[in-house]
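J.: Take this structure first; my questions come after.
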Amino acid sequence: MELTVNWYLALSAILFSIGVMGVLFRSNAIVILLSVELMLNAVNVSIIALAQMMADSTGHILVFFVLAVAAAEAAIGLSLVIALFRTKPTVDVNEFNLLKH
Amino acid sequence: MDALLVRLIILLPLAGAILTGLVPLFMPGLRKNESLISTIGTLAVAVPFGMVVYLFLTFDGNAFVATFYTWMAAGDLSVDFAYRIDQLSLIMGLVVLGVGTLIHVYSIGYMHGDDGFWKFFSYLNLFIFAMLNLILADNLVVLFLGWEGVGLCSFLLIGFWYTDLKNSAAANKAFIVNRIGDFAFLLAMFLLFRELGGLDFDTLLNGVDTLSSTTVTMAVLLLFLAATGKSAQIPLFVWLPDAMAGPTPVSALIHAATMVTSGLYLLARMSDMVLAAPGVMVLIAIVGALTALVAATIAITQTDIKRVLAYSTVSQLGFMFMAVGVGAFFVAIFHVVTHAFFKALLFLGSGSVIHGMHEVEHDLEHEGHDTSSFDAQDMRTMGNLKAYMPATHITFLIATLAIAGIPLLSGFFSKDEILFMAFQAGYNGMPVAYAVWAVGILTALLTAVYMTRAYVLTFRGEERWPEAPSIAPHESPLSMTLPLWTLAILAIVGGYIGLPGVIADGDWNWIHHYLAQDYGGPVADLADSAGFSLPLALKWLLIAIGGGVAILGVSLAWVAYDREGLAFDDRLRERLGPLYGVWEVKYRLDEVYDAALVNPIRDIMGQGFAKADASVVDGVVNGAARGAAAFGRVLGRIQTGVIQRYAVMMVLGVVIVMALILFV
């Protein structure tokens, strides 16, 4: 069984879906952040796979950008979680529902 | 080069209106700077006048159209901002801008010290802009833009002193009555567009032959109805006398010299089409003759000097419609030109008189008199002003003789040409034209009488205001008398552009050769008018009758009113009995309209529509608000504040879009 690009894309899709599910249904803010990271890296996998297939290094460069943005996003996300924790002693996002009708 | 000039001619008055109107609106400090505002306002008209003179002098006989851009294009309809320079629009341009410039100069003196000085000049400039759109337009839509624009400016200026409810009522009346004519104009445009597929004049006039006679008759009838509104003819003339509520320069410019002649201009512009509807032409001739007679008889009984002139304007416009009715379009334009000169002069002269009488009123008040019943426009309080206002007196006399039709003054040539053309049309087999001619002669006699009456009551006899002569009016400033003298010269020589047919067999009738289609102009002639020419002796006889009637009327009225003054009015009333009574109450037309139209409509509106407004219209409005609120309450449920719900919806949205892209 040959290792074609489809396998990588399937892996990427599965990882991405797990990430989406995590964002949608976990209530712990830290876990949600982790799920977002998972989604980003799922995309990275598909970019790398396609870049390899096309023999084009642009994809590799793009991945570095994604990693840098992910790092920045993680830093800001975590600081937001800490800021939230200071207002209420919890990281359960369902507790933060003041902005509603 | 010429296209640029056309652009400037049209845009400079607009720029003037903005500079004298909008700028002081936001910078109140400028409002009191009369010299700056009047300089800008006058130059914005005087400079385009110079340009039109240049275009006129360099005009080579070929009409040209300057197209600036497409205003609107929808389906088959495409309307350009296009302006046509030809003989007709040049003549009208010269009159509008020339008289306009003089009246701007006059207004500097007349409006001095008025709080709305800046507003006044802004409105006047805006009026000139709209009027230029009207007379230079190359299609009916741009013409209609100008048509509505002058109507708006007329409304603004009639109600210029709007703190007096009477003036705003007059402004409303003018606007609403004109609506009827505008409605007909719109219908005519719809009809012509449906039948011909275009609204520019080339399409319209070249397509006349392809139309059925019913269509042409309908179109011309509608255009004529439009003209009766703007040009104050039966049945829509009732607004013009009330329009005298505006400042006098406005009466001179808008309600005598320019705007009210735009109906004539429209018919002359569409002359090819009008000629194709002979039935409507008979109607036009009859309406013109009736209007001339009715207005002249009312004018005899009026005591307000401006109202005499207003009815006189209606009457003279009736003369012009007579000319259109007998197919002599160029004569109508000829009379428009000469009438612009002498009627503007009469109004400006009356303005000068009113200016002087206001001074008397002011002095009387100062002396402790009760001036609440003093009316500065009432001829019954004037008299012998020739001793106090010599320049106004001489120029007013010239204009009076000119409008009366005393031979060799301008009014004689144009009015006589109208009567001559009416007689000739009768001679050529249009029986009703003889009747029109007879009414015209009678009206010419009445014109001479009422104008001489106005002149004598104002300037001769004895002073009739209290405390004369210790309190007396003074001559108006130079900025007012200078336009008077200029117009007086024009009122004398203006007629020589159209010498009658008895001289050189009509070869010296410059305005005919300039405008007529046979000589390359835009205005059509009745095809068979050349067929039967009157014998020379008959032509001389007609001229003798025309001139004789004028001299007779002037001398009769002069002797009567100079000897008896106001008492002669009472003698007339006794002598004519009920007839004079009918004239004095203006045939009760206003009351008839009130009873037949205004009050029923008001009742229907008050009883039916007010209730419909309260229940249906308000119901719809409130229902819309309630519906929106209810919808919001339902939709608000979604806004839970739980961030993951929002995320679910986003993802669902993405999934749906993806599904659509991939599977549909």
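Each chain of the structure tokens is named A, B, ... in the order shown, its residues numbered from 1; ligands are numbered from 1 in display order.
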Could the residues of chain A within 7 Å of chain B, counting only C-alpha atoms, be given as a CSV table (one decimal) with N, CA and C atoms, in the first residue's frame, please?
T.:
chain,number,residue,atom,x,y,z
A,24,LEU,N,-15.8,23.3,19.9
A,24,LEU,CA,-17.2,23.5,20.1
A,24,LEU,C,-17.8,22.9,21.4
A,94,ASN,N,-18.6,28.6,29.8
A,94,ASN,CA,-20.0,28.8,29.9
A,94,ASN,C,-20.3,29.8,31.1
A,97,ASN,N,-21.0,34.5,30.2
A,97,ASN,CA,-22.0,34.7,29.2
A,97,ASN,C,-22.8,36.1,29.4
A,98,LEU,N,-22.0,37.1,29.9
A,98,LEU,CA,-22.7,38.3,30.1
A,98,LEU,C,-23.1,39.0,28.8
A,99,LEU,N,-22.4,38.8,27.7
A,99,LEU,CA,-22.7,39.5,26.5
A,99,LEU,C,-23.8,38.9,25.7
A,100,LYS,N,-25.0,39.1,26.2
A,100,LYS,CA,-26.2,38.4,25.6
A,100,LYS,C,-27.4,39.4,25.5
A,101,HIS,N,-28.4,38.9,24.9
A,101,HIS,CA,-29.6,39.7,24.7
A,101,HIS,C,-30.3,39.9,26.0
J.: Have a look at B:Gly229, B:Gly116, B:Pro241, B:Gly197 and name the one nearest to Ala170 (chain B); count only C-alpha atoms.
T.: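 Using only C-alpha atoms, the shortest distance to Ala170 (chain B) belongs to B:Pro241.
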J.: Just want the 12 Å neighbourhood of Asp114 (chain B), counted on only C-alpha atoms, with same-chain residues fewer than 3 positions away dropped. Output as a CSV table (one decimal) with C-alpha atoms, in the first residue's frame.
T.:
chain,number,residue,atom,x,y,z
B,31,ARG,CA,-24.6,88.5,4.8
B,32,LYS,CA,-24.4,92.2,5.5
B,33,ASN,CA,-21.6,92.7,3.0
B,34,GLU,CA,-23.9,94.1,0.3
B,107,SER,CA,-32.0,95.3,-7.2
B,108,ILE,CA,-28.8,96.6,-5.6
B,109,GLY,CA,-30.6,99.8,-5.0
B,110,TYR,CA,-34.1,98.4,-4.4
B,111,MET,CA,-33.1,95.7,-1.9
B,117,PHE,CA,-30.2,90.8,0.6
B,118,TRP,CA,-27.9,87.8,0.1
B,119,LYS,CA,-30.8,85.4,-0.2
B,120,PHE,CA,-32.4,87.6,-2.8
B,121,PHE,CA,-29.4,87.6,-5.1
B,160,PHE,CA,-39.6,86.2,-0.2
B,161,TRP,CA,-41.1,88.2,2.6
B,247,PRO,CA,-40.3,92.1,-4.5
J.: I need the alpha helix (DSSP H) residues of region 173-244 of chain B per DSSP on the backbone, written as a ChimeraX atom specification.
T.: /B:173-196,201-206,213-230,239-242
J.: Would you mind listing what lies within 10 Å of Thr400 (chain B) as JSON, numbers by chain, with only C-alpha atoms counted and same-chain residues fewer than 5 positions away left out?
T.: {"B": [342, 343, 345, 346, 394, 395, 405, 406, 411, 447, 448, 450, 451, 452, 453, 454, 455, 491, 554]}
J.: Using only C-alpha atoms, find the one residue out of B:Phe59, B:Trp239, B:Phe459, B:Tyr54 that sits nearest to Asp562 (chain B).
T.: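 Closest candidate: B:Phe459.
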J.: Which residues are close to His335 (chain B), i.e. within 12 Å by only C-alpha atoms, leaving aside same-chain residues fewer than 4 positions away? Reply as a ChimeraX atom specification.
T.: /B:91-92,95,257,261,264-265,313,316-324,328-331,339-343,402-403,405,410-419,491,494-498,511-512
J.: I'd like to know which of B:Phe144, B:Phe609, B:Trp583, B:Phe237 is closest to Gly288 (chain B), using only C-alpha atoms.
T.: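 Counting only C-alpha atoms, the residue closest to Gly288 (chain B) is B:Phe237.
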J.: Which polymer residues have any atom within 12 Å of an atom of region 3-15 of chain A, counting only C-alpha atoms, with same-chain residues fewer than 2 positions away left out, as an MDAnalysis selection string?
T.: chainID A and resid 1 17:22 35:54
J.: With N, CA and C atoms kept, could you save the residues just selected as a compact mmCIF listing (two decimals), in the first residue's frame?
T.:
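Saved to result.txt:
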# COMPACT_ATOMS: atom_id res chain seq x y z
N MET A 1 0.86 -1.20 0.00
CA MET A 1 0.00 0.00 0.00
C MET A 1 0.89 1.24 0.00
N SER A 17 -10.94 17.96 12.31
CA SER A 17 -12.28 17.73 12.87
C SER A 17 -12.22 17.55 14.37
N ILE A 18 -11.20 16.84 14.85
CA ILE A 18 -11.06 16.69 16.30
C ILE A 18 -10.91 18.06 16.94
N GLY A 19 -10.10 18.92 16.28
CA GLY A 19 -9.91 20.28 16.82
C GLY A 19 -11.22 21.04 16.86
N VAL A 20 -11.99 20.95 15.78
CA VAL A 20 -13.27 21.67 15.76
C VAL A 20 -14.17 21.17 16.87
N MET A 21 -14.27 19.88 17.00
CA MET A 21 -15.11 19.32 18.06
C MET A 21 -14.66 19.83 19.42
N GLY A 22 -13.35 19.87 19.63
CA GLY A 22 -12.82 20.36 20.90
C GLY A 22 -13.25 21.79 21.16
N SER A 35 -7.21 22.99 21.32
CA SER A 35 -7.90 22.50 20.13
C SER A 35 -7.64 23.40 18.93
N VAL A 36 -7.57 24.71 19.20
CA VAL A 36 -7.27 25.64 18.10
C VAL A 36 -5.89 25.34 17.54
N GLU A 37 -4.93 25.07 18.46
CA GLU A 37 -3.59 24.73 18.00
C GLU A 37 -3.63 23.47 17.13
N LEU A 38 -4.48 22.55 17.53
CA LEU A 38 -4.60 21.30 16.78
C LEU A 38 -5.10 21.58 15.36
N MET A 39 -6.07 22.48 15.25
CA MET A 39 -6.60 22.82 13.94
C MET A 39 -5.52 23.45 13.06
N LEU A 40 -4.75 24.35 13.68
CA LEU A 40 -3.69 25.00 12.91
C LEU A 40 -2.70 23.97 12.39
N ASN A 41 -2.34 23.03 13.27
CA ASN A 41 -1.34 22.05 12.85
C ASN A 41 -1.90 21.06 11.85
N ALA A 42 -3.22 20.80 11.92
CA ALA A 42 -3.84 19.96 10.91
C ALA A 42 -3.66 20.59 9.54
N VAL A 43 -3.85 21.91 9.49
CA VAL A 43 -3.65 22.62 8.23
C VAL A 43 -2.19 22.51 7.80
N ASN A 44 -1.27 22.65 8.78
CA ASN A 44 0.15 22.54 8.45
C ASN A 44 0.45 21.21 7.76
N VAL A 45 -0.15 20.16 8.29
CA VAL A 45 0.10 18.83 7.71
C VAL A 45 -0.29 18.81 6.25
N SER A 46 -1.49 19.35 5.96
CA SER A 46 -1.93 19.28 4.56
C SER A 46 -1.05 20.17 3.68
N ILE A 47 -0.60 21.32 4.21
CA ILE A 47 0.26 22.20 3.40
C ILE A 47 1.57 21.49 3.06
N ILE A 48 2.17 20.87 4.09
CA ILE A 48 3.45 20.18 3.87
C ILE A 48 3.28 19.08 2.83
N ALA A 49 2.17 18.31 2.99
CA ALA A 49 1.95 17.18 2.08
C ALA A 49 1.81 17.66 0.65
N LEU A 50 1.03 18.71 0.47
CA LEU A 50 0.82 19.21 -0.88
C LEU A 50 2.09 19.81 -1.44
N ALA A 51 2.85 20.52 -0.58
CA ALA A 51 4.10 21.12 -1.03
C ALA A 51 5.05 20.05 -1.51
N GLN A 52 5.10 18.95 -0.76
CA GLN A 52 5.96 17.84 -1.14
C GLN A 52 5.53 17.28 -2.49
N MET A 53 4.24 17.14 -2.63
CA MET A 53 3.73 16.56 -3.87
C MET A 53 4.04 17.47 -5.05
N MET A 54 3.85 18.78 -4.89
CA MET A 54 4.09 19.71 -5.99
C MET A 54 5.56 20.02 -6.17
